[in-house]
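What follows is work-v6.cif (mmCIF, C-alpha atoms).
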data_protein
#
loop_
_atom_site.label_atom_id
_atom_site.label_comp_id
_atom_site.auth_asym_id
_atom_site.auth_seq_id
_atom_site.Cartn_x
_atom_site.Cartn_y
_atom_site.Cartn_z
CA MET A 1 145.53 174.87 50.70
CA LYS A 2 143.85 175.90 53.95
CA LYS A 3 142.14 178.75 52.14
CA THR A 4 140.84 176.36 49.44
CA ILE A 5 139.50 173.93 52.04
CA ALA A 6 137.78 176.77 53.87
CA ILE A 7 136.09 177.91 50.65
CA ILE A 8 134.94 174.36 49.87
CA LEU A 9 133.55 173.92 53.38
CA ALA A 10 131.74 177.24 53.12
CA LEU A 11 130.17 176.22 49.82
CA VAL A 12 129.08 172.87 51.27
CA PHE A 13 127.49 174.68 54.21
CA ILE A 14 125.66 177.15 51.93
CA LEU A 15 124.33 174.38 49.66
CA SER A 16 123.24 172.30 52.63
CA PHE A 17 121.45 175.27 54.15
CA ALA A 18 119.72 176.02 50.84
CA ALA A 19 118.58 172.43 50.55
CA CYS A 20 117.17 172.54 54.07
CA GLY A 21 115.44 175.80 53.21
CA LYS A 22 113.34 174.05 50.57
CA LYS A 23 110.70 172.80 52.90
CA LYS A 24 109.16 169.53 51.77
CA SER A 25 105.88 168.19 53.02
CA THR A 26 103.40 165.40 52.42
CA LEU A 27 99.63 165.77 52.31
CA LYS A 28 97.45 162.73 52.86
CA VAL A 29 94.09 163.24 51.14
CA GLY A 30 91.07 160.92 51.05
CA ALA A 31 89.01 160.68 47.89
CA SER A 32 86.41 158.72 45.99
CA ILE A 33 88.05 156.54 43.35
CA THR A 34 86.50 158.36 40.39
CA PRO A 35 86.84 161.19 39.55
CA HIS A 36 88.31 162.68 42.72
CA ALA A 37 91.40 160.51 43.11
CA GLU A 38 92.16 160.91 39.41
CA ILE A 39 91.87 164.69 39.60
CA LEU A 40 94.06 164.78 42.70
CA ARG A 41 96.79 162.81 40.93
CA GLU A 42 96.75 165.39 38.16
CA ALA A 43 97.07 168.18 40.73
CA ALA A 44 99.93 166.24 42.38
CA LYS A 45 102.10 166.92 39.32
CA LEU A 46 101.90 170.64 40.06
CA LEU A 47 102.48 170.19 43.79
CA GLU A 48 105.65 168.14 43.25
CA LYS A 49 107.27 171.23 41.76
CA GLN A 50 106.62 173.00 45.08
CA GLY A 51 108.09 170.23 47.20
CA ILE A 52 104.69 168.89 48.27
CA THR A 53 104.01 165.17 47.92
CA LEU A 54 100.37 164.15 47.63
CA GLU A 55 99.37 160.77 49.06
CA VAL A 56 95.90 159.86 47.78
CA VAL A 57 93.85 157.40 49.85
CA GLU A 58 90.88 155.94 47.99
CA TYR A 59 87.51 155.25 49.65
CA THR A 60 84.35 153.58 48.40
CA ASP A 61 82.02 155.14 50.98
CA TYR A 62 81.07 158.61 52.19
CA VAL A 63 81.73 158.14 55.91
CA GLN A 64 85.34 157.05 56.45
CA PRO A 65 86.98 159.97 54.60
CA ASN A 66 85.22 162.41 56.93
CA THR A 67 85.92 160.53 60.16
CA ALA A 68 89.58 160.26 59.09
CA VAL A 69 89.82 164.04 58.62
CA GLU A 70 88.17 164.57 61.98
CA ASP A 71 90.61 162.26 63.81
CA GLY A 72 93.63 163.64 61.97
CA SER A 73 94.64 160.53 60.05
CA LEU A 74 93.92 162.48 56.84
CA ASP A 75 94.97 166.07 56.15
CA ALA A 76 92.03 166.65 53.82
CA ASN A 77 89.40 164.96 51.72
CA TYR A 78 87.85 165.59 48.34
CA PHE A 79 84.68 163.66 47.57
CA GLN A 80 81.59 165.53 48.81
CA HIS A 81 79.38 168.54 48.26
CA THR A 82 78.48 171.11 50.90
CA PRO A 83 74.93 169.87 51.72
CA TYR A 84 76.30 166.41 52.50
CA LEU A 85 79.13 167.95 54.55
CA ASN A 86 76.70 170.06 56.58
CA THR A 87 74.45 167.07 57.25
CA PHE A 88 77.41 164.91 58.25
CA ASN A 89 78.73 167.54 60.68
CA ALA A 90 75.31 167.99 62.26
CA GLU A 91 74.69 164.26 62.68
CA ASN A 92 78.21 163.32 63.83
CA LYS A 93 79.31 166.45 65.72
CA THR A 94 82.37 166.72 63.50
CA HIS A 95 84.22 169.94 62.63
CA ILE A 96 85.00 169.66 58.94
CA VAL A 97 84.95 172.72 56.70
CA SER A 98 85.20 173.49 52.99
CA VAL A 99 88.31 175.11 51.57
CA GLY A 100 86.55 175.76 48.27
CA ALA A 101 84.62 174.32 45.34
CA VAL A 102 86.31 172.41 42.52
CA HIS A 103 83.77 170.65 40.30
CA TYR A 104 80.17 169.64 39.76
CA GLU A 105 78.96 166.16 38.80
CA PRO A 106 75.54 166.13 37.14
CA PHE A 107 73.16 163.63 38.72
CA GLY A 108 71.58 161.35 36.15
CA ILE A 109 68.70 158.94 35.63
CA TYR A 110 70.08 155.71 34.16
CA ALA A 111 68.28 152.86 32.48
CA GLY A 112 67.76 149.60 34.31
CA LYS A 113 65.08 147.22 33.01
CA VAL A 114 63.39 150.14 31.24
CA LYS A 115 65.39 151.84 28.49
CA ALA A 116 63.46 155.08 27.86
CA LEU A 117 61.80 157.70 30.07
CA ALA A 118 58.57 157.48 28.10
CA ASP A 119 58.31 153.73 28.70
CA LEU A 120 58.28 153.83 32.52
CA PRO A 121 55.35 151.65 33.65
CA ASP A 122 53.00 152.09 36.61
CA GLY A 123 54.50 150.71 39.80
CA ALA A 124 58.06 151.01 38.48
CA LYS A 125 61.02 150.72 40.87
CA ILE A 126 63.47 153.61 40.92
CA GLY A 127 66.59 153.51 43.10
CA VAL A 128 67.69 156.73 44.83
CA PRO A 129 70.50 157.45 47.34
CA ASN A 130 69.40 157.12 50.96
CA ASP A 131 71.47 159.99 52.46
CA GLY A 132 69.61 163.26 52.97
CA SER A 133 71.26 165.69 50.55
CA ASN A 134 71.72 163.22 47.72
CA GLU A 135 68.19 161.85 48.09
CA THR A 136 66.87 165.40 47.80
CA ARG A 137 68.87 165.83 44.64
CA ALA A 138 67.54 162.59 43.17
CA LEU A 139 63.94 163.46 44.01
CA LEU A 140 64.30 166.91 42.47
CA LEU A 141 65.53 165.27 39.27
CA LEU A 142 62.53 162.92 39.24
CA GLN A 143 60.33 165.96 39.76
CA GLN A 144 62.14 167.80 36.94
CA GLU A 145 61.18 164.94 34.62
CA GLY A 146 57.56 165.00 35.75
CA PHE A 147 57.45 161.63 37.53
CA ILE A 148 56.63 163.02 40.99
CA LYS A 149 55.78 166.26 42.77
CA LEU A 150 57.38 167.26 46.06
CA LYS A 151 55.97 169.43 48.85
CA ASP A 152 56.16 173.16 48.24
CA GLY A 153 59.38 174.76 49.42
CA ILE A 154 61.70 171.81 48.84
CA ASP A 155 64.81 172.89 46.98
CA ALA A 156 68.48 171.96 46.62
CA SER A 157 69.23 172.96 50.22
CA SER A 158 66.53 170.71 51.73
CA ASN A 159 66.84 167.23 53.20
CA ALA A 160 63.92 165.50 51.53
CA THR A 161 62.88 161.84 51.54
CA LYS A 162 60.21 159.93 49.65
CA LEU A 163 57.81 160.93 52.45
CA ASP A 164 57.91 164.44 50.94
CA VAL A 165 56.37 163.24 47.68
CA VAL A 166 52.82 164.62 47.40
CA GLU A 167 52.00 163.46 43.86
CA ASN A 168 53.06 160.14 42.35
CA PRO A 169 50.78 159.48 39.36
CA LYS A 170 52.62 156.34 38.25
CA ASN A 171 52.74 154.90 41.79
CA ILE A 172 56.50 154.68 41.53
CA ASP A 173 58.21 152.56 44.18
CA ILE A 174 61.07 154.82 45.27
CA VAL A 175 63.75 152.49 46.64
CA GLU A 176 66.12 154.23 49.05
CA MET A 177 69.57 152.62 48.79
CA GLU A 178 73.19 153.22 49.75
CA ALA A 179 74.46 155.45 46.94
CA ALA A 180 77.31 153.16 45.88
CA GLN A 181 74.95 150.21 45.38
CA ILE A 182 72.50 151.73 42.89
CA SER A 183 74.61 151.18 39.79
CA LYS A 184 75.14 147.56 40.83
CA ALA A 185 71.39 147.04 41.26
CA LEU A 186 70.26 148.47 37.90
CA SER A 187 69.31 145.01 36.63
CA ASP A 188 66.72 144.82 39.45
CA LEU A 189 65.46 148.38 39.02
CA ASP A 190 63.56 150.12 36.25
CA PHE A 191 65.68 153.27 36.65
CA GLY A 192 68.48 154.32 38.97
CA VAL A 193 69.28 157.91 39.96
CA ILE A 194 73.03 157.86 40.42
CA ASN A 195 75.70 160.23 41.76
CA GLY A 196 78.24 161.28 39.15
CA ASN A 197 81.24 159.58 40.74
CA TYR A 198 79.46 156.26 41.21
CA ALA A 199 78.18 156.42 37.64
CA LEU A 200 81.73 156.89 36.40
CA GLN A 201 82.94 153.96 38.49
CA ALA A 202 80.27 151.83 36.82
CA GLY A 203 81.40 152.92 33.36
CA LEU A 204 78.49 155.34 32.89
CA ASN A 205 78.83 158.93 31.72
CA ALA A 206 76.14 161.52 32.47
CA GLY A 207 76.95 163.33 29.25
CA LYS A 208 76.41 160.24 27.09
CA ASP A 209 74.51 157.53 28.97
CA ALA A 210 72.00 159.25 31.24
CA LEU A 211 68.36 159.39 30.16
CA ALA A 212 68.08 162.74 31.96
CA VAL A 213 70.42 164.97 33.98
CA GLU A 214 70.01 167.93 36.32
CA ASP A 215 69.51 171.30 34.71
CA ALA A 216 73.00 172.79 34.68
CA SER A 217 71.58 176.33 34.82
CA GLY A 218 69.80 175.61 38.10
CA SER A 219 71.00 176.18 41.65
CA GLY A 220 72.19 172.57 41.84
CA ALA A 221 75.46 173.27 40.07
CA GLN A 222 76.56 175.64 42.85
CA THR A 223 74.78 173.85 45.69
CA TYR A 224 76.25 170.47 44.80
CA ALA A 225 79.74 171.54 43.78
CA ASN A 226 82.32 169.12 45.19
CA VAL A 227 84.63 170.75 47.69
CA LEU A 228 88.08 170.23 49.18
CA CYS A 229 87.61 169.76 52.94
CA VAL A 230 89.80 169.91 56.06
CA LYS A 231 89.31 169.94 59.80
CA GLU A 232 88.35 173.39 61.03
CA GLY A 233 91.45 175.49 61.66
CA ARG A 234 93.52 174.09 58.80
CA GLU A 235 91.89 176.03 55.98
CA LYS A 236 94.78 178.53 55.73
CA ASP A 237 97.65 176.02 55.97
CA ASP A 238 100.14 176.80 53.22
CA ALA A 239 100.14 173.24 51.87
CA ILE A 240 96.33 173.08 51.86
CA GLN A 241 96.12 176.39 50.00
CA ALA A 242 98.70 175.11 47.51
CA LEU A 243 96.58 171.99 46.96
CA PHE A 244 93.43 174.05 46.34
CA LYS A 245 95.30 176.31 43.93
CA ALA A 246 96.51 173.24 42.03
CA LEU A 247 93.00 171.74 41.93
CA THR A 248 91.63 174.96 40.46
CA SER A 249 94.47 175.51 37.98
CA PRO A 250 94.08 175.77 34.17
CA GLU A 251 95.97 172.48 33.84
CA VAL A 252 93.50 170.59 36.00
CA LYS A 253 90.55 172.30 34.30
CA ASP A 254 91.78 171.05 30.92
CA PHE A 255 92.30 167.56 32.36
CA ILE A 256 88.72 167.45 33.71
CA ASN A 257 87.15 168.65 30.46
CA LYS A 258 89.14 166.28 28.25
CA THR A 259 88.87 163.25 30.51
CA TYR A 260 85.21 163.29 31.57
CA GLN A 261 83.51 165.00 28.61
CA GLY A 262 80.62 166.52 30.53
CA ALA A 263 80.31 163.94 33.31
CA VAL A 264 82.43 166.21 35.52
CA VAL A 265 82.21 170.00 35.13
CA PRO A 266 84.80 172.44 36.56
CA ILE A 267 83.15 175.06 38.75
CA PHE A 268 86.06 177.54 38.70
#

Structure encoded using structure tokens:
Amino acid sequence: MKKTIAIILALVFILSFAACGKKKSTLKVGASITPHAEILREAAKLLEKQGITLEVVEYTDYVQPNTAVEDGSLDANYFQHTPYLNTFNAENKTHIVSVGAVHYEPFGIYAGKVKALADLPDGAKIGVPNDGSNETRALLLLQQEGFIKLKDGIDASSNATKLDVVENPKNIDIVEMEAAQISKALSDLDFGVINGNYALQAGLNAGKDALAVEDASGSGAQTYANVLCVKEGREKDDAIQALFKALTSPEVKDFINKTYQGAVVPIF
């Protein structure tokens, strides 16, 4: 009997030790509602198998998810591209870095009061994001479509504003707005140039609804790829690396392609 009890106790100890050996952890990640939070929840299914729980915190702005990573209340965020990240770090003295690129969201020109590019009247109002990197992107798209011309040397890595417009034959009124508000203001604008995630939140799809989108073969696809970000020093954390691997997995790639149908493009 004593021998049997000893064996049972030994087995209990071994099983308990094995259970403790399976290290479980939780990652708290900030994200824009669409598509980032949705993509993260798909990646979470893969992480659960590794004992990692993903807590997704949704944001409707581009500031709080970065300040929360900086102060440690978030482990990571997934909502921004590198030009915006670099500008934010420079302006706010933060120390946030990219772990790697996941996807690209084509910027689009969407109809407001005017329904076709060819019908844009003189003096038309076009809404563009008012933060440096995204405004540059919007202005480059307007230039791509022949509405304006920017100063020489302005490219995807610049921080341009409407003051950098050197030719404006239709006397377009470029209205600089908070990015999240443009889709809501389309009824007051002739066109709106909208970020991919905010277009999706408004029920718009760059692949189907935009009057024009960025040239996918241009440098914008790489320059404006959305990245997983952490505070400097955490890039090599095992859980962070597991999250990035999940985000760039074949399963998540299939989810992105099937769900967004060209409005979100995997970059891996």

Distance CA of Phe255 (chain A)-CA of Glu38 (chain A), one decimal place?
->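 Computing it gives 9.7 Å between the two atoms.
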
A straight line from CA of Ser32 (chain A) to CA of Gly196 (chain A) spans 11.0 Å

Which residues match the PyMOL selection byres ((chain A and resi 111) around 10) in the file above, as a list in words? Gly108, Ile109, Tyr110, Gly112, Lys113, Val114, Lys115, Ala116, Leu117, Ile126, Ser183, Leu186, Ser187, Leu189, Asp190, Phe191, Gly192, Val193, Asp209, Ala210, Leu211 and Ala212 of chain A

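Contact shell of Lys24 (chain A) at 9 Å (all atoms listed in the file; same-chain neighbours under 4 positions omitted): Cys20, Gln50, Gly51, Ile52 and Thr53 of chain A.
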
For the structure shown, which residues end up in the PyMOL selection byres ((chain A and resi 267) around 9)? Put them as a PDB file with C-alpha atoms, keeping the file's coordinate frame, please?
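Just written: result_24.pdb:
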ATOM      1  CA  ALA A 101      84.620 174.320  45.340  1.00  0.00           C
ATOM      2  CA  VAL A 102      86.310 172.410  42.520  1.00  0.00           C
ATOM      3  CA  HIS A 103      83.770 170.650  40.300  1.00  0.00           C
ATOM      4  CA  TYR A 104      80.170 169.640  39.760  1.00  0.00           C
ATOM      5  CA  ALA A 221      75.460 173.270  40.070  1.00  0.00           C
ATOM      6  CA  GLN A 222      76.560 175.640  42.850  1.00  0.00           C
ATOM      7  CA  ALA A 225      79.740 171.540  43.780  1.00  0.00           C
ATOM      8  CA  ASN A 226      82.320 169.120  45.190  1.00  0.00           C
ATOM      9  CA  THR A 248      91.630 174.960  40.460  1.00  0.00           C
ATOM     10  CA  VAL A 265      82.210 170.000  35.130  1.00  0.00           C
ATOM     11  CA  PRO A 266      84.800 172.440  36.560  1.00  0.00           C
ATOM     12  CA  PHE A 268      86.060 177.540  38.700  1.00  0.00           C
TER      13      PHE A 268
END

Problem - Nearby residues, (73.6, 154.0, 43.2) file frame, 9 Å, all atoms listed in the file, as a list in words - result: Gly127, Val128, Pro129, Met177, Glu178, Ala179, Ala180, Gln181, Ile182, Ser183, Lys184, Ala185, Leu186, Gly192, Val193, Ile194, Asn195, Tyr198 and Ala199 of chain A

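CA of Ala31 (chain A) is found 14.3 Å from CA of Ser98 (chain A).
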
Shell of 9 Å around region 232-243 of chain A, only C-alpha atoms, local chain residues under 4 positions omitted, as a VMD selection string:
chain A and resid 25 to 27 40 43 to 44 46 to 47 50 52 54 70 75 to 76 95 to 99 228 247 to 248

Pull C-alpha atoms from the residues just selected and write them as a PDB file, in the frame of the given file.
ATOM      1  CA  SER A  25     105.880 168.190  53.020  1.00  0.00           C
ATOM      2  CA  THR A  26     103.400 165.400  52.420  1.00  0.00           C
ATOM      3  CA  LEU A  27      99.630 165.770  52.310  1.00  0.00           C
ATOM      4  CA  LEU A  40      94.060 164.780  42.700  1.00  0.00           C
ATOM      5  CA  ALA A  43      97.070 168.180  40.730  1.00  0.00           C
ATOM      6  CA  ALA A  44      99.930 166.240  42.380  1.00  0.00           C
ATOM      7  CA  LEU A  46     101.900 170.640  40.060  1.00  0.00           C
ATOM      8  CA  LEU A  47     102.480 170.190  43.790  1.00  0.00           C
ATOM      9  CA  GLN A  50     106.620 173.000  45.080  1.00  0.00           C
ATOM     10  CA  ILE A  52     104.690 168.890  48.270  1.00  0.00           C
ATOM     11  CA  LEU A  54     100.370 164.150  47.630  1.00  0.00           C
ATOM     12  CA  GLU A  70      88.170 164.570  61.980  1.00  0.00           C
ATOM     13  CA  ASP A  75      94.970 166.070  56.150  1.00  0.00           C
ATOM     14  CA  ALA A  76      92.030 166.650  53.820  1.00  0.00           C
ATOM     15  CA  HIS A  95      84.220 169.940  62.630  1.00  0.00           C
ATOM     16  CA  ILE A  96      85.000 169.660  58.940  1.00  0.00           C
ATOM     17  CA  VAL A  97      84.950 172.720  56.700  1.00  0.00           C
ATOM     18  CA  SER A  98      85.200 173.490  52.990  1.00  0.00           C
ATOM     19  CA  VAL A  99      88.310 175.110  51.570  1.00  0.00           C
ATOM     20  CA  LEU A 228      88.080 170.230  49.180  1.00  0.00           C
ATOM     21  CA  LEU A 247      93.000 171.740  41.930  1.00  0.00           C
ATOM     22  CA  THR A 248      91.630 174.960  40.460  1.00  0.00           C
TER      23      THR A 248
END
